[in-house]
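Notes follow once the structure below has been shown.
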Amino acid sequence: MPSRKRNQGRARKAKAAGGAPSVREPRTQPSEGRCRHGCTLPPDHVCSAFVDTCYDEWNKAVAVGANGWDALTDGMKLAIEKYPSVFANHREGARSRFLEDGVNTILRGGFNPFKVGLIADAILFIESYTWIVPPKETMKFSDILNGCKRTAIRFFSKRIPCSCLDDLYAEARETLTKMGACFHCDQIKEHSALMDCSRCKGVQYCSKECQLADWPIHKENCDARRKRQKAQKKG
């Protein structure tokens with residue numbers, strides 16, 4: 001997962017731009033013929049309460065200008081505390097509910113990277129069942145949070161059994177450039193212009209100068225990632 005320094009100010013920028021939209025999804029009875037992108041849960045299922053608890057906490061975090069990391073951790077921790085049975089017995093149900101909401105958010109237009117980014121990272125947490133998300137997945141979350149619609153569409157299209165995002169992703173590949181943010185200066189650049197950390201592969205920079213300037217902050221996280229990667233290879 002990103003350090004607390006990462007993604008600072010995202011919510012404040014959204015608020016300054018006219019107010020961050022609510023991340024809570026309306027709950028309606030499934031209608032016949034409407035694709036739910038693999039989710040089969042009724043709106044009153046405990047997984048819906050779990051997901052909505054996350055959304056409510058995320059909204060509170062946005063209201064006080066919290067960053068993406070704080071919003072995510074606060075929401076997930078409270079939801080797990082209130083509904084422990086979800087992670088014991090219904091993790092796939094919660095994942096499918098988040099997927100349904102994320103896909104519907106993209107299909108409705110008006111791309112909200114903060115909202116879609118948080119939903120994507122919640123899915124990564126459920127899939128790994130740990131706050132330690134693989135470096136490449138961490139960067140996808142960061143890219144989405146920084147506004148890369150192409151990465152967001154691909155992330156969700158790979159995880160749903162339907163073809164609802166296929167045309168949109170094909171169009172995105174033709175018309176949208178893959179973008180990312182430097183982990184030091186936060187400048188948005190084409191992905192091809194960014195360089196990964198050669199040690200952990202979990203952060204990216206727009207220049208050698210930014211990498212060197214960020215090293216005192218990144219070093220601890222980088223060393224921890226390397227230790228986990230080595231332990232995983234041995235295990």
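Ordered as shown in the structure tokens, chains take letters A, B, and onward, while each chain numbers its residues from 1 and ligands are numbered from 1 in the order shown.
Residues in contact with Ala79 of chain A at 9 Å, where only C-alpha atoms are counted and same-chain residues fewer than 4 positions away are skipped, are listed as Ala49, Phe50, Val51, Asp52, Thr53, Cys54, Glu57, Asp74, Gly75, Tyr83 and Pro84 of chain A.
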Go ahead and write the selection's residues with N, CA and C atoms as a short mmCIF file (atom, residue, chain, number, x, y, z; two decimals), in the first residue's frame.
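Produced file result-v4.cif, reproduced below:
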data_model
loop_
_atom_site.label_atom_id
_atom_site.label_comp_id
_atom_site.auth_asym_id
_atom_site.auth_seq_id
_atom_site.Cartn_x
_atom_site.Cartn_y
_atom_site.Cartn_z
N ALA A 49 -24.33 -3.90 3.36
CA ALA A 49 -24.11 -3.08 4.56
C ALA A 49 -22.62 -2.85 4.79
N PHE A 50 -21.82 -3.88 4.55
CA PHE A 50 -20.36 -3.77 4.68
C PHE A 50 -19.82 -2.71 3.72
N VAL A 51 -20.21 -2.80 2.45
CA VAL A 51 -19.73 -1.87 1.43
C VAL A 51 -20.22 -0.45 1.73
N ASP A 52 -21.48 -0.31 2.12
CA ASP A 52 -22.02 1.02 2.40
C ASP A 52 -21.34 1.66 3.61
N THR A 53 -20.93 0.85 4.57
CA THR A 53 -20.17 1.37 5.71
C THR A 53 -18.85 1.96 5.24
N CYS A 54 -18.20 1.28 4.32
CA CYS A 54 -16.97 1.82 3.73
C CYS A 54 -17.23 3.16 3.06
N GLU A 57 -17.81 6.04 5.57
CA GLU A 57 -16.57 6.49 6.19
C GLU A 57 -15.70 7.24 5.20
N ASP A 74 -9.71 3.81 7.17
CA ASP A 74 -10.77 4.08 8.13
C ASP A 74 -12.05 3.33 7.76
N GLY A 75 -12.41 3.38 6.47
CA GLY A 75 -13.63 2.72 6.03
C GLY A 75 -13.56 1.21 6.15
N TYR A 83 -18.90 -5.85 10.68
CA TYR A 83 -19.41 -7.03 9.98
C TYR A 83 -18.30 -8.07 9.80
N PRO A 84 -17.81 -8.66 10.90
CA PRO A 84 -16.72 -9.64 10.79
C PRO A 84 -17.09 -10.87 9.97
#
Report the residues of segment 47-233 of chain A whose backbone DSSP state falls under alpha helix (DSSP H), written as a PyMOL selection string.
chain A and resi 47-63+68-82+84-89+91-107+113-128+135-145+149-157+166-175+208-233
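In terms of minimum interatomic distance to Leu107 of chain A, A:Lys149 ranks closest within A:Glu190, A:Cys185, A:Lys149, A:Cys206, counting only C-alpha atoms.
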Residues near segment 152-158 of chain A, anyone? I mean within 7 Å using only C-alpha atoms, not counting same-chain ones fewer than 5 positions away, as a PyMOL selection string.
chain A and resi 99+103+144+165-166+169
Please report, as JSON lines, each residue of segment 51-150 of chain A lying at most 10 Å from segment 33-46 of chain A, together with the nearest pair of atoms and the separation in Å rounded to one decimal; use only C-alpha atoms, and order rows by chain and ascending residue number.
{"residue": "A:Val51", "atom": "CA", "partner": "A:Val46", "partner_atom": "CA", "distance": 8.7}
{"residue": "A:Asp52", "atom": "CA", "partner": "A:Val46", "partner_atom": "CA", "distance": 9.9}
{"residue": "A:Tyr83", "atom": "CA", "partner": "A:Val46", "partner_atom": "CA", "distance": 7.6}
{"residue": "A:Ser85", "atom": "CA", "partner": "A:Val46", "partner_atom": "CA", "distance": 8.6}
{"residue": "A:Val86", "atom": "CA", "partner": "A:Val46", "partner_atom": "CA", "distance": 7.3}
{"residue": "A:His90", "atom": "CA", "partner": "A:Val46", "partner_atom": "CA", "distance": 8.7}
{"residue": "A:Glu92", "atom": "CA", "partner": "A:Cys39", "partner_atom": "CA", "distance": 9.5}
{"residue": "A:Gly93", "atom": "CA", "partner": "A:Leu41", "partner_atom": "CA", "distance": 7.1}
{"residue": "A:Ala94", "atom": "CA", "partner": "A:Val46", "partner_atom": "CA", "distance": 8.7}
{"residue": "A:Arg95", "atom": "CA", "partner": "A:Cys39", "partner_atom": "CA", "distance": 8.8}
{"residue": "A:Ser96", "atom": "CA", "partner": "A:Cys39", "partner_atom": "CA", "distance": 5.1}
{"residue": "A:Arg97", "atom": "CA", "partner": "A:Cys39", "partner_atom": "CA", "distance": 6.0}
{"residue": "A:Phe98", "atom": "CA", "partner": "A:Cys39", "partner_atom": "CA", "distance": 9.0}
{"residue": "A:Leu99", "atom": "CA", "partner": "A:His37", "partner_atom": "CA", "distance": 7.4}
{"residue": "A:Glu100", "atom": "CA", "partner": "A:His37", "partner_atom": "CA", "distance": 5.7}
{"residue": "A:Asp101", "atom": "CA", "partner": "A:Arg36", "partner_atom": "CA", "distance": 8.9}
{"residue": "A:Gly102", "atom": "CA", "partner": "A:His37", "partner_atom": "CA", "distance": 10.0}
{"residue": "A:Val103", "atom": "CA", "partner": "A:His37", "partner_atom": "CA", "distance": 7.6}
{"residue": "A:Asn104", "atom": "CA", "partner": "A:Arg36", "partner_atom": "CA", "distance": 8.5}
Applying 7 Å and only C-alpha atoms, which residues near Lys178 of chain A remain after dropping the ones on its own chain fewer than 5 positions away? List them as a PyMOL selection string.
chain A and resi 148+150-151+190-191
Can you write out the residues you just picked, keeping N, CA and C atoms, as a CSV table (one decimal), in the first residue's frame?
chain,number,residue,atom,x,y,z
A,148,CYS,N,-6.1,8.3,-14.2
A,148,CYS,CA,-5.9,7.5,-15.4
A,148,CYS,C,-7.1,6.6,-15.7
A,150,ARG,N,-8.0,5.1,-18.4
A,150,ARG,CA,-7.6,3.8,-19.2
A,150,ARG,C,-7.3,2.7,-18.2
A,151,THR,N,-6.4,3.0,-17.2
A,151,THR,CA,-6.1,2.0,-16.2
A,151,THR,C,-7.3,1.5,-15.4
A,190,GLU,N,2.9,11.0,-19.1
A,190,GLU,CA,2.7,9.7,-19.8
A,190,GLU,C,3.4,8.6,-19.1
A,191,HIS,N,2.8,7.4,-19.0
A,191,HIS,CA,3.5,6.3,-18.3
A,191,HIS,C,4.8,6.0,-18.9
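Nearest to Gln204 of chain A of all the residues A:Asn59, A:Thr138, A:Thr175, A:Ser163 is A:Thr138, based on only C-alpha atoms.
Going from atom CA of Lys227 of chain A to atom CA of Trp215 of chain A covers 17.1 Å.
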Here atom CA of Arg108 of chain A and atom CA of Lys60 of chain A stand apart by 23.5 Å
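When atom CA of Ala122 of chain A is paired with atom CA of Asp56 of chain A, their separation reads 13.9 Å.
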Pick out each residue of segment 67-209 of chain A that DSSP on the backbone tags as strand (DSSP E); I need them as a ChimeraX atom specification.
/A:179-181,188-190,195-196,204-205
Residue selection dump (N, CA, C and O atoms) as an mmCIF file, in the first residue's frame:
data_model
loop_
_atom_site.group_PDB
_atom_site.id
_atom_site.type_symbol
_atom_site.label_atom_id
_atom_site.label_comp_id
_atom_site.auth_asym_id
_atom_site.auth_seq_id
_atom_site.Cartn_x
_atom_site.Cartn_y
_atom_site.Cartn_z
ATOM 1 N N MET A 179 -1.550 7.173 -18.203
ATOM 2 C CA MET A 179 -0.910 8.235 -17.439
ATOM 3 C C MET A 179 -0.577 7.761 -16.026
ATOM 4 O O MET A 179 -1.142 6.795 -15.527
ATOM 5 N N GLY A 180 0.347 8.455 -15.399
ATOM 6 C CA GLY A 180 0.708 8.171 -14.024
ATOM 7 C C GLY A 180 1.281 9.416 -13.377
ATOM 8 O O GLY A 180 1.550 10.415 -14.055
ATOM 9 N N ALA A 181 1.491 9.361 -12.064
ATOM 10 C CA ALA A 181 2.012 10.513 -11.331
ATOM 11 C C ALA A 181 3.359 10.185 -10.715
ATOM 12 O O ALA A 181 3.587 9.077 -10.230
ATOM 13 N N ILE A 188 1.668 14.792 -13.339
ATOM 14 C CA ILE A 188 1.056 13.745 -14.150
ATOM 15 C C ILE A 188 1.799 13.663 -15.476
ATOM 16 O O ILE A 188 1.940 14.667 -16.180
ATOM 17 N N LYS A 189 2.283 12.477 -15.812
ATOM 18 C CA LYS A 189 3.067 12.274 -17.028
ATOM 19 C C LYS A 189 2.539 11.054 -17.776
ATOM 20 O O LYS A 189 1.847 10.212 -17.201
ATOM 21 N N GLU A 190 2.911 10.958 -19.062
ATOM 22 C CA GLU A 190 2.656 9.712 -19.773
ATOM 23 C C GLU A 190 3.443 8.595 -19.096
ATOM 24 O O GLU A 190 4.568 8.795 -18.654
ATOM 25 N N MET A 195 9.757 6.339 -14.509
ATOM 26 C CA MET A 195 10.698 5.266 -14.200
ATOM 27 C C MET A 195 10.323 4.615 -12.876
ATOM 28 O O MET A 195 10.064 5.318 -11.893
ATOM 29 N N ASP A 196 10.286 3.277 -12.854
ATOM 30 C CA ASP A 196 10.008 2.558 -11.621
ATOM 31 C C ASP A 196 11.240 2.542 -10.724
ATOM 32 O O ASP A 196 12.378 2.600 -11.213
ATOM 33 N N GLN A 204 7.077 5.218 -8.769
ATOM 34 C CA GLN A 204 7.569 5.692 -10.061
ATOM 35 C C GLN A 204 7.906 7.178 -9.985
ATOM 36 O O GLN A 204 7.312 7.915 -9.198
ATOM 37 N N TYR A 205 8.869 7.572 -10.820
ATOM 38 C CA TYR A 205 9.350 8.953 -10.798
ATOM 39 C C TYR A 205 9.490 9.492 -12.216
ATOM 40 O O TYR A 205 9.702 8.734 -13.159
#
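Using only C-alpha atoms, the nearest neighbour of Ala120 of chain A within the list A:Leu72, A:Ala213, A:Gln187, A:Phe141 is A:Phe141.
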